[in-house]
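Trainee: Hey, dropping coords-v8.txt in here, compact mmCIF, C-alpha atoms:
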```
# COMPACT_ATOMS: atom_id res chain seq x y z
CA MET A 169 20.20 -27.27 71.02
CA ARG A 170 18.11 -25.76 73.79
CA LEU A 171 17.27 -22.72 71.66
CA ASP A 172 16.16 -25.00 68.81
CA THR A 173 13.89 -26.95 71.16
CA MET A 174 12.38 -23.75 72.54
CA SER A 175 11.87 -22.45 69.01
CA VAL A 176 10.02 -25.63 67.98
CA ALA A 177 7.89 -25.48 71.14
CA ALA A 178 7.03 -21.82 70.54
CA LYS A 179 6.08 -22.58 66.93
CA TRP A 180 3.88 -25.47 68.04
CA LEU A 181 2.24 -23.26 70.67
CA ARG A 182 1.42 -20.57 68.13
CA ARG A 183 0.05 -23.15 65.71
CA ASP A 184 -2.27 -24.99 68.11
CA PRO A 185 -2.35 -23.58 71.66
CA GLY A 186 -5.37 -25.69 72.58
CA ARG A 187 -3.56 -28.93 71.85
CA VAL A 188 -0.53 -27.73 73.83
CA GLY A 189 -2.84 -26.87 76.70
CA MET A 190 -4.33 -30.37 76.72
CA TRP A 191 -0.87 -31.94 76.73
CA VAL A 192 0.04 -29.75 79.70
CA LEU A 193 -3.13 -30.76 81.57
CA TRP A 194 -2.57 -34.45 80.91
CA THR A 195 1.03 -34.14 82.08
CA VAL A 196 -0.06 -32.32 85.26
CA PHE A 197 -2.66 -34.98 86.13
CA THR A 198 -0.24 -37.82 85.45
CA SER A 199 2.50 -36.18 87.50
CA ALA A 200 0.07 -35.50 90.36
CA TYR A 201 -0.96 -39.16 90.49
CA VAL A 202 2.65 -40.37 90.41
CA VAL A 203 3.77 -37.92 93.12
CA PHE A 204 0.77 -38.83 95.26
CA PHE A 205 1.61 -42.52 95.20
CA TYR A 206 5.23 -41.85 96.08
CA LEU A 207 4.50 -39.45 98.95
CA TYR A 208 1.71 -41.30 100.75
CA ASN A 209 2.33 -44.86 101.76
CA ASP A 210 -1.28 -45.35 102.73
CA ALA A 211 -2.33 -44.60 99.21
CA ARG A 212 -0.43 -47.63 97.95
CA GLU A 213 -3.01 -49.81 99.61
CA ILE A 214 -5.36 -49.19 96.69
CA ALA A 215 -3.13 -51.50 94.66
CA ASP A 216 -3.73 -54.49 96.89
CA ALA A 217 -5.72 -57.53 95.83
CA GLU A 218 -9.02 -56.30 97.28
CA LEU A 219 -11.84 -55.46 94.89
CA ASP A 220 -12.18 -51.84 95.98
CA GLY A 221 -8.45 -51.34 95.46
CA TYR A 222 -8.70 -52.44 91.81
CA LEU A 223 -11.71 -50.20 91.29
CA GLU A 224 -9.81 -47.21 92.62
CA VAL A 225 -6.92 -47.89 90.26
CA ILE A 226 -9.35 -48.08 87.34
CA LEU A 227 -11.11 -44.91 88.44
CA LEU A 228 -7.80 -43.07 88.59
CA GLY A 229 -6.82 -44.30 85.09
CA ILE A 230 -10.06 -43.35 83.30
CA PRO A 231 -9.50 -39.55 83.46
CA LEU A 232 -5.98 -39.95 82.13
CA MET A 233 -7.26 -42.02 79.20
CA ILE A 234 -10.05 -39.55 78.37
CA THR A 235 -7.82 -36.47 78.51
CA PHE A 236 -5.22 -38.27 76.37
CA ALA A 237 -7.94 -39.22 73.87
CA ALA A 238 -9.04 -35.57 73.75
CA THR A 239 -5.47 -34.55 72.91
CA VAL A 240 -5.29 -37.12 70.13
CA TRP A 241 -8.68 -35.94 68.83
CA MET A 242 -7.26 -32.44 68.42
CA SER A 243 -4.54 -33.86 66.17
CA GLU A 244 -6.90 -35.88 63.97
CA SER A 245 -10.10 -33.83 63.88
CA ASP A 246 -11.07 -31.46 61.08
CA VAL A 247 -12.44 -28.97 63.62
CA ASP A 248 -10.81 -25.55 63.35
CA ARG A 249 -7.76 -25.21 65.55
CA SER A 250 -9.08 -21.89 66.77
CA LEU A 251 -11.78 -23.84 68.62
CA HIS A 252 -9.41 -26.18 70.47
CA TYR A 253 -9.03 -23.73 73.32
CA ARG A 254 -12.68 -24.33 74.19
CA VAL A 255 -11.83 -27.92 75.11
CA VAL A 256 -9.11 -26.68 77.47
CA VAL A 257 -11.44 -24.12 79.06
CA TRP A 258 -14.17 -26.72 79.65
CA THR A 259 -11.62 -29.23 80.98
CA VAL A 260 -10.14 -26.79 83.49
CA GLY A 261 -13.50 -25.25 84.40
CA ILE A 262 -15.38 -28.46 85.23
CA SER A 263 -12.29 -29.92 86.92
CA VAL A 264 -12.12 -26.93 89.25
CA LEU A 265 -15.89 -27.11 89.80
CA PHE A 266 -15.70 -30.79 90.84
CA LEU A 267 -12.67 -30.06 93.02
CA VAL A 268 -14.45 -27.23 94.84
CA ALA A 269 -17.59 -29.31 95.26
CA VAL A 270 -15.71 -32.26 96.85
CA MET A 271 -13.65 -29.94 99.05
CA THR A 272 -16.85 -28.31 100.28
CA ALA A 273 -18.45 -31.68 100.93
CA LEU A 274 -15.41 -32.88 102.90
CA PHE A 275 -15.38 -29.67 104.89
CA VAL A 276 -19.08 -29.80 105.71
CA LEU A 277 -19.26 -33.50 106.46
CA ASP A 278 -15.89 -33.56 108.22
CA PRO A 279 -15.46 -37.30 107.72
CA GLN A 280 -12.77 -39.23 109.56
CA TYR A 281 -10.33 -39.51 106.66
CA ASP A 282 -6.59 -39.08 106.84
CA ARG A 283 -4.69 -36.61 104.69
CA GLY A 284 -3.80 -39.17 102.03
CA GLU A 285 -7.40 -40.23 101.59
CA HIS A 286 -8.47 -36.59 101.35
CA LEU A 287 -5.94 -35.97 98.56
CA LEU A 288 -6.95 -39.17 96.80
CA MET A 289 -10.60 -38.10 96.66
CA LEU A 290 -9.61 -34.62 95.49
CA LEU A 291 -7.45 -36.09 92.72
CA MET A 292 -10.22 -38.40 91.62
CA SER A 293 -12.81 -35.61 91.61
CA ALA A 294 -10.51 -33.28 89.67
CA GLY A 295 -9.74 -36.06 87.20
CA PHE A 296 -13.36 -36.94 86.55
CA GLY A 297 -14.22 -33.25 86.29
CA ALA A 298 -11.49 -32.89 83.68
CA SER A 299 -12.85 -35.91 81.80
CA MET A 300 -16.36 -34.49 81.68
CA GLY A 301 -14.99 -31.09 80.72
CA ALA A 302 -12.95 -32.56 77.87
CA VAL A 303 -15.96 -34.42 76.47
CA THR A 304 -18.18 -31.35 76.85
CA GLY A 305 -15.57 -29.15 75.19
CA ILE A 306 -15.22 -31.51 72.25
CA VAL A 307 -18.99 -31.62 71.76
CA GLU A 308 -19.22 -27.82 71.90
CA ALA A 309 -16.24 -27.30 69.58
CA ARG A 310 -17.72 -29.69 67.03
CA SER A 311 -21.10 -27.98 67.31
CA VAL A 312 -19.59 -24.53 66.76
CA HIS A 313 -17.41 -25.80 63.90
CA TYR A 314 -20.26 -27.42 62.00
CA GLY A 315 -22.54 -24.48 62.79
CA ARG A 316 -20.01 -22.17 61.16
CA ALA A 317 -19.67 -24.56 58.25
CA ARG A 318 -23.45 -24.54 57.72
CA GLU A 319 -23.48 -20.75 57.87
CA ARG A 320 -20.65 -20.54 55.36
CA ALA A 321 -22.54 -22.94 53.12
CA ARG A 322 -25.67 -20.75 53.36
CA VAL A 323 -23.64 -17.62 52.54
CA GLU A 324 -21.98 -19.40 49.63
CA ALA A 325 -25.35 -20.62 48.37
CA ARG A 326 -26.73 -17.06 48.49
CA ARG A 327 -23.64 -15.78 46.65
CA ARG A 328 -24.03 -18.44 43.98
CA ARG A 329 -27.70 -17.58 43.55
CA ARG A 330 -26.78 -13.92 43.06
CA GLU A 331 -24.06 -14.89 40.58
CA GLN A 332 -26.52 -17.15 38.77
CA ARG A 333 -29.02 -14.32 38.48
CA ARG A 334 -26.33 -12.03 37.08
CA LEU A 335 -25.32 -14.70 34.59
CA GLU A 336 -28.95 -15.12 33.60
CA TYR A 337 -29.23 -11.37 32.95
CA LEU A 338 -26.01 -11.48 30.93
CA ASN A 339 -27.29 -14.46 28.97
CA GLN A 340 -30.54 -12.68 28.16
CA TYR A 341 -28.63 -9.59 27.09
CA LEU A 342 -26.33 -11.62 24.85
CA ARG A 343 -29.21 -13.55 23.35
CA HIS A 344 -31.12 -10.37 22.55
CA GLU A 345 -28.36 -8.03 21.41
CA VAL A 346 -25.90 -10.40 19.79
CA LEU A 347 -28.50 -12.55 18.06
CA ASN A 348 -30.18 -9.47 16.63
CA GLU A 349 -26.89 -8.37 15.09
CA VAL A 350 -26.11 -11.88 13.85
CA ASN A 351 -29.52 -12.06 12.18
CA LYS A 352 -28.74 -8.78 10.40
CA ILE A 353 -25.40 -10.17 9.19
CA ASN A 354 -27.06 -13.34 7.95
CA GLY A 355 -29.89 -11.45 6.29
CA TYR A 356 -27.63 -9.03 4.43
CA ALA A 357 -25.33 -11.90 3.42
CA ASP A 358 -28.34 -13.55 1.75
CA LEU A 359 -29.11 -10.33 -0.10
CA VAL A 360 -25.51 -9.99 -1.27
CA ALA A 361 -25.45 -13.64 -2.43
CA THR A 362 -28.48 -13.08 -4.69
CA ARG A 363 -26.65 -10.27 -6.54
CA LEU A 364 -23.28 -11.94 -7.01
CA ASP A 365 -22.16 -13.75 -10.14
CA ASP A 366 -18.61 -14.47 -8.95
CA ASP A 367 -18.34 -18.03 -7.57
CA THR A 368 -15.46 -17.10 -5.27
CA ALA A 369 -17.45 -14.22 -3.79
CA ARG A 370 -20.37 -16.59 -3.28
CA GLU A 371 -18.10 -18.93 -1.32
CA TRP A 372 -17.06 -16.00 0.88
CA VAL A 373 -20.69 -15.16 1.50
CA GLU A 374 -21.35 -18.78 2.43
CA VAL A 375 -18.53 -18.58 5.00
CA ILE A 376 -20.13 -15.44 6.45
CA GLU A 377 -23.52 -17.14 6.65
CA ARG A 378 -22.07 -20.26 8.24
CA SER A 379 -20.08 -18.26 10.79
CA SER A 380 -23.09 -16.15 11.74
CA ALA A 381 -25.14 -19.33 12.16
CA ASP A 382 -22.41 -20.78 14.39
CA VAL A 383 -22.39 -17.68 16.57
CA GLY A 384 -26.17 -17.74 16.86
CA THR A 385 -26.24 -21.41 17.82
CA PHE A 386 -23.52 -20.98 20.39
CA ILE A 387 -25.09 -17.89 21.99
CA ALA A 388 -28.47 -19.61 22.08
CA SER A 389 -26.90 -22.52 23.96
CA ILE A 390 -25.12 -20.48 26.63
CA ARG A 391 -27.95 -21.05 29.10
CA SER A 392 -27.65 -24.80 28.64
CA ILE A 393 -23.88 -24.74 29.09
CA MET A 394 -24.11 -22.62 32.26
CA ASN A 395 -26.80 -24.72 33.88
CA GLY A 396 -25.60 -28.12 32.69
CA ASP A 397 -29.10 -28.64 31.34
CA THR A 398 -28.92 -31.61 28.98
CA GLU A 399 -32.61 -31.37 28.11
CA SER A 400 -32.29 -27.85 26.68
CA LEU A 401 -29.24 -29.05 24.75
CA HIS A 402 -31.65 -31.26 22.74
CA VAL A 403 -29.69 -34.48 23.18
CA ARG A 404 -30.77 -36.86 20.43
CA PRO A 405 -29.33 -39.43 18.01
CA THR A 406 -26.71 -37.49 16.07
CA ASP A 407 -24.74 -38.73 13.09
CA VAL A 408 -21.16 -38.30 14.29
CA THR A 409 -19.77 -39.13 10.86
CA ALA A 410 -21.83 -36.37 9.25
CA VAL A 411 -20.64 -33.86 11.86
CA ALA A 412 -17.02 -34.88 11.29
CA GLU A 413 -17.37 -34.59 7.51
CA ALA A 414 -19.06 -31.19 7.84
CA THR A 415 -16.11 -30.04 9.95
CA ALA A 416 -13.67 -31.32 7.33
CA ASP A 417 -15.55 -29.48 4.54
CA ARG A 418 -15.60 -26.29 6.60
CA VAL A 419 -11.86 -26.42 7.20
CA ARG A 420 -11.15 -27.09 3.54
CA THR A 421 -13.10 -23.99 2.49
CA THR A 422 -10.86 -21.76 4.61
CA GLY A 423 -7.95 -22.49 2.28
CA ASP A 424 -5.31 -22.43 5.02
CA GLY A 425 -3.63 -25.64 3.87
CA THR A 426 -5.12 -27.88 6.55
CA ASP A 427 -5.95 -31.38 5.33
CA VAL A 428 -8.72 -33.15 7.25
CA VAL A 429 -9.54 -36.79 6.51
CA VAL A 430 -12.53 -38.61 8.00
CA ASP A 431 -12.24 -42.37 8.52
CA ALA A 432 -15.66 -43.84 9.31
CA PRO A 433 -17.57 -46.98 8.24
CA GLY A 434 -20.65 -44.92 7.44
CA PRO A 435 -23.29 -43.14 9.52
CA VAL A 436 -22.56 -43.64 13.23
CA TYR A 437 -25.12 -42.32 15.69
CA ALA A 438 -24.41 -41.15 19.24
CA ALA A 439 -26.36 -39.32 21.95
CA ALA A 440 -25.31 -35.72 21.25
CA GLY A 441 -26.67 -32.55 19.66
CA ASP A 442 -26.06 -29.39 17.66
CA LEU A 443 -23.00 -28.31 19.63
CA LEU A 444 -21.04 -31.48 18.84
CA ASP A 445 -19.68 -29.74 15.76
CA ARG A 446 -18.07 -27.14 18.04
CA VAL A 447 -16.10 -29.94 19.67
CA PHE A 448 -14.74 -31.12 16.32
CA VAL A 449 -13.99 -27.56 15.18
CA ASN A 450 -12.14 -26.77 18.43
CA LEU A 451 -10.05 -29.94 18.20
CA VAL A 452 -9.10 -29.24 14.59
CA GLU A 453 -8.40 -25.57 15.30
CA ASN A 454 -6.20 -26.61 18.21
CA ALA A 455 -4.08 -28.61 15.74
CA VAL A 456 -3.97 -25.73 13.26
CA GLU A 457 -2.93 -23.28 15.98
CA HIS A 458 0.11 -25.29 17.03
CA CYS A 459 1.48 -26.42 13.67
CA ALA A 460 1.63 -25.11 10.10
CA ASP A 461 -0.33 -26.92 7.38
CA PRO A 462 -1.24 -29.88 9.59
CA SER A 463 -2.82 -33.10 8.49
CA VAL A 464 -5.71 -34.15 10.73
CA ARG A 465 -7.35 -37.58 10.73
CA ILE A 466 -10.76 -38.08 12.38
CA THR A 467 -11.60 -41.71 13.12
CA VAL A 468 -15.15 -42.70 14.06
CA ARG A 469 -15.95 -46.18 15.33
CA THR A 470 -18.68 -48.03 17.23
CA GLU A 471 -17.53 -50.15 20.16
CA GLY A 472 -20.41 -51.98 21.81
CA GLU A 473 -22.69 -49.39 23.43
CA ALA A 474 -20.27 -46.52 22.83
CA VAL A 475 -19.05 -44.41 19.95
CA THR A 476 -15.35 -43.60 19.97
CA VAL A 477 -13.78 -40.74 18.06
CA GLY A 478 -10.07 -40.14 17.58
CA VAL A 479 -8.71 -36.82 16.31
CA ARG A 480 -5.04 -37.09 15.41
CA ASP A 481 -2.70 -34.49 13.93
CA ASP A 482 0.92 -34.71 12.74
CA GLY A 483 2.14 -31.69 14.71
CA PRO A 484 5.12 -31.43 17.08
CA GLY A 485 3.13 -32.50 20.16
CA ILE A 486 2.09 -30.72 23.33
CA PRO A 487 4.83 -29.54 25.74
CA ASP A 488 5.09 -31.40 29.04
CA ASP A 489 4.35 -28.30 31.14
CA ALA A 490 1.06 -27.71 29.29
CA ARG A 491 -0.41 -31.21 29.52
CA GLY A 492 -1.58 -30.98 33.13
CA THR A 493 -3.71 -27.86 32.50
CA LEU A 494 -4.71 -28.63 28.94
CA PHE A 495 -8.46 -28.68 29.67
CA ASP A 496 -8.41 -25.88 32.28
CA PRO A 497 -9.75 -22.42 31.40
CA PRO A 498 -6.99 -19.84 30.88
CA GLU A 499 -6.30 -17.43 33.72
CA ALA A 500 -5.99 -14.48 31.34
CA GLY A 501 -6.47 -13.64 27.69
CA ASP A 502 -9.05 -14.87 25.20
CA HIS A 503 -7.22 -17.96 23.91
CA GLY A 504 -7.31 -21.46 25.34
CA TYR A 505 -11.05 -21.83 25.95
CA GLY A 506 -11.59 -24.26 23.08
CA LEU A 507 -10.47 -27.46 24.80
CA PHE A 508 -12.07 -26.43 28.08
CA LEU A 509 -15.45 -25.84 26.44
CA SER A 510 -15.11 -28.97 24.31
CA ARG A 511 -14.65 -31.23 27.34
CA HIS A 512 -17.51 -29.44 29.11
CA LEU A 513 -19.84 -29.99 26.16
CA VAL A 514 -18.88 -33.65 25.79
CA GLU A 515 -19.50 -34.21 29.51
CA LEU A 516 -22.92 -32.54 29.20
CA TYR A 517 -23.68 -35.10 26.51
CA GLY A 518 -22.68 -37.82 28.97
CA GLY A 519 -19.36 -38.58 27.29
CA ARG A 520 -15.66 -38.17 27.92
CA LEU A 521 -12.91 -36.23 26.13
CA GLU A 522 -9.25 -36.95 26.91
CA LEU A 523 -5.75 -36.47 25.62
CA ASP A 524 -4.93 -39.93 24.31
CA GLY A 525 -1.29 -39.33 23.44
CA THR A 526 1.18 -36.69 22.28
CA GLY A 527 4.74 -36.61 21.06
CA PRO A 528 7.01 -35.54 18.19
CA ASP A 529 4.88 -37.51 15.73
CA GLY A 530 1.63 -35.80 16.64
CA THR A 531 -1.21 -35.53 19.12
CA THR A 532 -4.35 -37.63 19.51
CA PHE A 533 -7.52 -36.69 21.37
CA SER A 534 -10.08 -39.39 22.11
CA MET A 535 -13.79 -38.83 22.61
CA ARG A 536 -16.32 -41.35 23.86
CA LEU A 537 -20.10 -40.94 23.60
CA ASP A 538 -23.06 -43.20 24.26
CA ALA A 539 -24.20 -44.97 21.11
CA ALA A 540 -27.74 -44.30 19.87
CA GLU A 541 -30.15 -45.87 17.42
CA ALA A 542 -30.55 -44.18 14.07
CA PRO A 543 -33.73 -42.06 13.94
CA ASP A 544 -36.66 -43.50 11.98
CA GLY A 545 -37.46 -40.28 10.20
CA PRO A 546 -35.21 -37.72 8.54
CA ASN A 547 -32.33 -36.51 10.64
CA PRO A 548 -33.33 -33.37 12.59
CA GLU A 549 -31.83 -30.23 11.20
CA THR A 550 -28.49 -29.37 12.62
CA ALA A 551 -27.01 -26.07 13.59
CA GLU A 552 -25.59 -25.74 10.09
CA GLY A 553 -27.66 -23.15 8.27
CA ARG A 554 -30.11 -22.73 11.14
CA MET A 555 -30.48 -19.37 12.83
CA PRO A 556 -32.25 -19.19 16.20
CA ALA A 557 -34.37 -16.15 16.69
CA ALA A 558 -33.31 -13.48 19.15
CA THR A 559 -35.14 -13.48 22.45
```
Please rewrite the model in this file as structure tokens.
Mentor:
Amino acid sequence: MRLDTMSVAAKWLRRDPGRVGMWVLWTVFTSAYVVFFYLYNDAREIADAELDGYLEVILLGIPLMITFAATVWMSESDVDRSLHYRVVVWTVGISVLFLVAVMTALFVLDPQYDRGEHLLMLLMSAGFGASMGAVTGIVEARSVHYGRARERARVEARRRRREQRRLEYLNQYLRHEVLNEVNKINGYADLVATRLDDDTAREWVEVIERSSADVGTFIASIRSIMNGDTESLHVRPTDVTAVAEATADRVRTTGDGTDVVVDAPGPVYAAAGDLLDRVFVNLVENAVEHCADPSVRITVRTEGEAVTVGVRDDGPGIPDDARGTLFDPPEAGDHGYGLFLSRHLVELYGGRLELDGTGPDGTTFSMRLDAAEAPDGPNPETAEGRMPAAT
């Protein structure tokens, strides 16, 4: 039992030596007061009914309360434990300073006090010195802690600025190099389409053109995704029904057996943009990836000032161990970014994307966007068939 107690004490000491030190100091002061009252009968007179006796009792209790409060502060404060020793050093240092000062004054003045009164004044001076030291130590520890925190924040801000610059260079490189190659693919696909008489081959060329346009749009929007810049995302009234139907048509042309049905009352406009189609494509592809020949139903509705979208499949559901990290980026590999990017895009549009339910009968994702008024003029051209120029 004794070895267990010593082991716990040693572990506590290693974990927070400053706090242990303050407990030791508080115990020493308390013990000194108790021993003093028991050894010197004259000292008990301070507990009589006279006013100065009550004041002396209060004055003796204040240092104990302050040092105890300092110990409790160490337990509750967010200041680094490595700084707690500073409180102990200040407490001991100023206590000794006060003690030496009072001893010197008593020696020089040589007042007519008995031994008990001498010890009482020394205890009071040491106690008040400890109180001032504890307060000073706490102030200094907090100052150092928050100073370090500010410095870490400055270092982190500089690191983030450097990372941002590197990402900007990478974005410029991608925009220039990748978009140039995508434009070539799109251009040659147009040339091939003009010389083909086979309808099936023409459909294949259309897939190539559409895919190259998708890549171009996505690369052109990387800057907006990185910076969370909703203005450069061109948020505007977007026909969610049209985007859903375009996604359904695109999936049908792949011929992989996926059946996509759109259930909507007609055109439904929400505050979104060109990249909304990537959200629908990612949600449908997520269903295709986890089940063979799935049936996907996209439901679009208007609810007050919001547009709600449900994407439901008839797959086997999402495993329990994967639900908690469903929207997190993968730690390795190149798969699993679809849902992460989809939620990020929806949030940039001011909306919300969530897993609404999953089980043996299928999985449902729900999306909520701010409703928008239908545009007066023709609907702005979408990413479909549009190729941004390389920059």
Trainee: Just to confirm, what's the straight-line distance from atom CA of Val192 of chain A to atom CA of Glu244 of chain A in Å (one decimal)?
Mentor: 18.3 Å
Trainee: Which residue out of A:Gly483, A:Gly186, A:Gly472, A:Gly384 has the minimum interatomic distance to Thr426 of chain A when all atoms listed in the file are used?
Mentor: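 Smallest distance to Thr426 of chain A is found for A:Gly483.
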Trainee: Using atom CA of Tyr253 of chain A and atom CA of Leu232 of chain A as the two end points, give the distance in Å to one decimal.
Mentor: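 It comes out at 18.7 Å.
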Trainee: Just to confirm, what's the straight-line distance from atom CA of Val188 of chain A to atom CA of Asp246 of chain A in Å (one decimal)?
Mentor: 17.0 Å
Trainee: Nearest to Val350 of chain A: which of A:Ile376, A:Ile234, A:Leu516, A:Met190 is it, counting all atoms listed in the file?
Mentor: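 Among the listed residues, A:Ile376 lies closest to Val350 of chain A.
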Trainee: Pick the closest to Gly485 of chain A from A:Met233, A:Met300, A:Val255, A:Ala455: which is it, counting only C-alpha atoms?
Mentor: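 Among the listed residues, A:Ala455 lies closest to Gly485 of chain A.
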